[in-house]
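S.K.: Submitted below is the structure of interest, expressed as structure tokens.
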Amino acid sequence: MIPILPLDKLSAGAQAVLTSHEVDPAVLDMALRLDLNLSGDYGEMWLIFSKSEGAIIRLTSDGSVYDVCPLDRLTEPYIDNYATSNRLQAHLHAPDDLKPEQGEMSDDEYRNVVREWSMGGSTVVLGYCTNTCKLKLLAFTSLWDRLGRGDEVKADDQIFEQFNRVCPKCGRPYRDMRSKVCETCVNKKGVMNRLLGYFSCFKPQLIVILLCLLASTAVSILTPIVSGQILYDRVIDPAGDMHELKYVYVWVGVLIGMAVLSLLIGVIQNRANAYLSTRVVRNMKNDVFRAMQRLSLSYFNQNPTGRLINRVNYDAERVRGFFIDGVPYFITSALSYVVLSVVLFAINWKLTLLLFAPIPFIVLMVKFALPKLWRAYSSQWRRSSSMNAMMNDSLSGIRVVKAFAKEDAETKRFFDYSSKLYKANLKVNEISLWIFPIIGLMISGICHAMWGPGGLMVIDGRMTYGELTTYIGYTGMIFGPISFFTNFTNQVTDVMNCAVRMFEIMDMTPEVVEAPDPVQMDSFRGEITFDHVCFHYNPNRPILKDINFTIREGDHVGLVGHTGSGKSTIANLITRMYDVVSGSITIDGVDIKKIGMDSLRKNVAIVSQEVYIFRGTIADNIRYARPDATMDEVVAAAKAANAHDFILALPEGYETTVGIGSRSLSGGERQRISIARALLLNPSLLILDEATAAMDTETERLISEAIDRVSADKTTISIAHRLSTLKNCDYLMAIDNGELSEMGTAEELMEKKGIYYRLWTLQNEQLLKVMKGE
Amino acid sequence: MAETKTTVQTPEEAAQATEKDLFAHRISIDLTPDNAKFTKSSGGLISLEVTQPDGKVEFFERIVPVRAFPISSPEEFISIRQPDTRMGGRGDEIGMIRRLSDFRVPSAGEAAALIEDELGRRYFTPAIRKIHSFSEKFGYCYWDVTTSAGRVEFIMSNPASSIRTLEDGRVFMYDIDGNCFTIEDPAKLDKSSYKKVEIYL
């Protein structure tokens, strides 16, 4: 008996239906559960594949649907996927000999059927699902393909790995595959411990801060005792045991001393805090940024830059704020709350019971009011960020705004955003101006009210006046912690969210990873082989389909083809920006997945159409890939790239500052700098991806001259639209719709009258038209 | 005769031939009940018979309707395209339906209903009617809702960026898998449902 493949586990209901139709479970290969029923509502539909029976069984577990679709008539499974739903379709071949009979069909329907049969069959729907099942649906169709071809698929096939992802930290499978949150690792304690890890290397500072906290709590608790019980009861009161003038001076001095002491403690604590927090934030930001740099290109395609910057900045700051302002306050609050309660009960337990009676009331009040304030804050935050986005948008596009004289419209748009923000601000203020005074009033009301029963007790002689003033001093202090604690859980949740987002980036495994024991190669000979290479981002839209070729060392090859035919993808695969889906790419006979990233990056240089010039001097930009290059090398590379002359025409020569906000360079100049950058690396393999597409013919000539000069002894791949760019190539490869359609010298391809011929005639014809003045 | 001539083309002739060849794209036409006949294929999909302006009749076993303005005008500007194929990439546009209501006439048969049903499936966006539970944990929101298509649970990451409120008050939200949900009018939700999500709207 072949065990069923681990795609979806058959439900008991589905199994019962199969049994009732006398299907032996041993013949089943795999089962897929779709989450939409045929009418398009949430429900379920099972697709059960059986190779040995030659059929796909479609059923619902209540037995209302049970179809058997024969596999020999059903081919070309295709997933029609749109924004939010997917449909599995297949081609149903018409039966060979039978003629369709009209039966109960309407004329239209019958006409369609006849027409479809004459065309060999029709497209049928097997089922619908939401994007939630998409990955499994994809796996199902690819397994259908493979099983159909007669491949043997085992339960440990790598296709199932995606459904059994385990947490990279603890190795346990995720409880919910979709959110990929490992409950074990990402419990609050785990995150908290990891956060605390950032603080643990600052033990002396932490100890100082802790001592300061203890000391300041002690001082603040002692102050009312000194001013009340000692200064009043024992010094000022005629019956006191220290009722002498000198003691007044002493104790007032002590009070002032305590104030100074608490100030000093505050200064020390803040200094230690500042030392600690700035370093912790730096370390966190460094870690997040380093983790990001490690990730593959696809991550950056999926996440907008703005959000990434926010993650580095905002999340770390938020965590810092919590640990610097929140945690110490929490410790002092907890500490003073406990001590104060004890002291208050010790001074007068009856009065304290009375004092604590309204506490539940205050807690309720805070609990009720704070969410309102939070909501107002979050709407204020979102309004202000959308206003920032709008401003950013408008100012970045200022050229277009001015070109279409849209200044007034933009201003109006800004006014809309700013008035929304103003309303949100107002709301925050309105709410906070209500909540805090009311809570404040309640607290101070309670404190003042304590004079009543307290005063009675003093009159009755059950309490001294000093005790009462001390007591009243404490009542004010005990309510602070209470309202703080009420809010504390919210703060913790918020910070945990920030922390989880940060750690998520750090824990993410890049899609392209270096082999465990990479092959280090000092230089490449430069022989590249593509062996049955397939690549796609989305399995429905293959980008490269079974590409095979070999480029010998030292060859200069041109890649031609229409936009989107997959030329640049070939370049991205050689540099391992992405990994092939199937097949392999070898350089000098070594699979590039086995070559160390360092070796690969050092020996393969790519110049693309998108040139990025970093802020800094021209020399720094040229030196980017090899900061240790000497001045001689920089100048030589610039000369080779035909950049030397324009650089010297700049007032500060190689030391001219370029990049955003500095001197702007023309497209051709930037491109030549990027070529110099690539040349300085002295790569064994040079890839030029539309490197001269944005240049005028004159500049292009300068650049291609430069390239010919340096590429004489290296393998070079040029990708270009403009065929004139490729005139010096040894041979050309034409890529059409993801396939390598032609390969040979320009003359050979012209004779073939294929893609290259068409592109060539088209470009020539345009030239001809220009010459004729049409 | 013609064959021998093609081998000795003058450059101009070659250019003309290739231009025809290269720009031989389908010309999209306005589809009306007069020139387009939508029927249900035996596989349950939509077939189309188009009469081109030159009188030529074309038949497509399967067509794909695509909304040009899926949010603001779901019933207007519907592009009718050939299906994408696994090898050929995106399908070409056959024509455009300016207003779906034009097809709600007896002469068009069930065309409007067919297209509506197909669009409904393609732009599957259940409307949330009741929120049973909503909780946020570690940056992910866990929802349990009743929608126009039945009850469902879904997970959303980063609610601040996954929930979008339109000017007209409609709310669109996307879950972690890219499924879309909508709240047609948040004010019409029952009180306990509304309270759960109020902060994000």
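How things are named: the first chain in the structure tokens is A, the next is B, and so on; residues count from 1 in each chain; ligands count from 1 in the order shown.
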Identify, with DSSP run on backbone atoms, the residues in chain B assigned to alpha helix (DSSP H), and express the list as number ranges by chain.

M.R.: B: 2-7, 11-22, 111-122, 159-162, 191-197

S.K.: Go ahead and dump the residues you just picked, C-alpha atoms, as a tab-separated table (two decimals), in the first residue's frame.

M.R.:
chain	number	residue	atom	x	y	z
B	2	ALA	CA	4.53	34.61	-55.01
B	3	GLU	CA	6.95	32.35	-53.22
B	4	THR	CA	9.84	33.15	-55.50
B	5	LYS	CA	9.14	36.82	-55.06
B	6	THR	CA	9.46	36.81	-51.29
B	7	THR	CA	13.01	35.52	-51.46
B	11	PRO	CA	14.53	46.32	-48.38
B	12	GLU	CA	11.35	48.39	-48.47
B	13	GLU	CA	9.22	45.37	-49.09
B	14	ALA	CA	10.94	43.49	-46.32
B	15	ALA	CA	10.34	46.42	-44.03
B	16	GLN	CA	6.68	46.53	-44.89
B	17	ALA	CA	6.26	42.84	-44.39
B	18	THR	CA	7.89	42.93	-41.00
B	19	GLU	CA	5.97	45.98	-39.92
B	20	LYS	CA	2.75	44.15	-40.65
B	21	ASP	CA	4.16	41.16	-38.88
B	22	LEU	CA	5.37	43.06	-35.86
B	111	ALA	CA	-24.78	37.50	-20.90
B	112	ALA	CA	-25.00	39.99	-18.03
B	113	ALA	CA	-25.68	37.27	-15.47
B	114	LEU	CA	-22.79	35.16	-16.75
B	115	ILE	CA	-20.31	38.02	-16.63
B	116	GLU	CA	-21.56	39.18	-13.25
B	117	ASP	CA	-21.14	35.72	-11.81
B	118	GLU	CA	-17.66	35.37	-13.26
B	119	LEU	CA	-16.62	38.81	-11.98
B	120	GLY	CA	-17.98	37.95	-8.57
B	121	ARG	CA	-15.75	34.90	-8.43
B	122	ARG	CA	-12.68	36.66	-9.76
B	159	PRO	CA	-3.53	46.08	10.65
B	160	ALA	CA	-2.51	49.70	10.19
B	161	SER	CA	-1.40	49.02	6.64
B	162	SER	CA	-3.74	46.14	5.78
B	191	LYS	CA	-22.41	47.65	18.09
B	192	SER	CA	-20.17	44.94	19.48
B	193	SER	CA	-18.67	44.23	16.03
B	194	TYR	CA	-18.05	47.90	15.41
B	195	LYS	CA	-16.36	48.43	18.73
B	196	LYS	CA	-13.87	45.69	18.01
B	197	VAL	CA	-12.53	47.34	14.90

S.K.: Restrict the distance test to only C-alpha atoms, flag each residue of chain A within 7 Å of chain B, and return the flagged residues as a PyMOL selection string.

M.R.: chain A and resi 40-42+82-85+109+112-113+122-125+130-132+375+496-497+500+540-541+758+761-762+765

S.K.: Which of range 26-189 of chain B end up as strand (DSSP E or B) when DSSP is run on this backbone - answer as a ChimeraX atom specification?

M.R.: /B:29-30,36-40,46-51,57-60,64-67,76-81,85,89,93-99,127-137,140-147,150-157,163-165,171-174,180-183

S.K.: Lys420 in chain A: which residues within 12 Å, counting only C-alpha atoms, same-chain residues fewer than 6 positions away excluded, as a ChimeraX atom specification?

M.R.: /A:379-387,413-414,426-427

S.K.: Could you write out that same residue set with C-alpha atoms as a tab-separated table (two decimals), in the first residue's frame?

M.R.:
chain	number	residue	atom	x	y	z
A	379	SER	CA	-5.82	58.25	14.61
A	380	GLN	CA	-3.62	61.28	15.18
A	381	TRP	CA	-0.57	59.18	14.38
A	382	ARG	CA	-2.07	57.84	11.17
A	383	ARG	CA	-3.27	61.26	10.05
A	384	SER	CA	0.13	62.74	10.60
A	385	SER	CA	1.86	59.93	8.75
A	386	SER	CA	-0.49	60.27	5.80
A	387	MET	CA	0.17	63.99	5.79
A	413	ARG	CA	-4.80	68.85	-1.03
A	414	PHE	CA	-2.36	69.69	1.75
A	426	LEU	CA	-8.07	68.61	18.76
A	427	LYS	CA	-9.72	65.34	19.68

S.K.: Taking into account only C-alpha atoms, which residue in the set A:Ser711, A:Phe485, A:Leu276, A:Met450 is nearest to Cys201 in chain A?

M.R.: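 Smallest separation from Cys201 in chain A among the options: A:Leu276.
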
S.K.: Counting only C-alpha atoms, what is within 7 Å of Glu553 in chain A, bar same-chain residues fewer than 2 positions away, as a tab-separated table (two decimals) with N, CA and C atoms, in the first residue's frame?

M.R.:
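What follows is the written file selection36.tsv:
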chain	number	residue	atom	x	y	z
A	525	ARG	N	37.78	31.19	-14.74
A	525	ARG	CA	38.19	31.19	-16.14
A	525	ARG	C	37.09	31.89	-16.94
A	526	GLY	N	35.87	31.68	-16.51
A	526	GLY	CA	34.76	32.38	-17.15
A	526	GLY	C	33.95	31.54	-18.10
A	527	GLU	N	33.84	30.24	-17.80
A	527	GLU	CA	32.98	29.41	-18.64
A	527	GLU	C	31.65	29.24	-17.91
A	551	ILE	N	28.70	29.29	-22.43
A	551	ILE	CA	29.51	30.40	-22.92
A	551	ILE	C	30.96	30.05	-22.60
A	555	ASP	N	34.62	34.66	-24.18
A	555	ASP	CA	33.67	35.05	-25.22
A	555	ASP	C	32.97	36.35	-24.87
A	715	THR	N	35.17	36.95	-20.03
A	715	THR	CA	33.87	36.59	-20.54
A	715	THR	C	32.95	37.78	-20.30
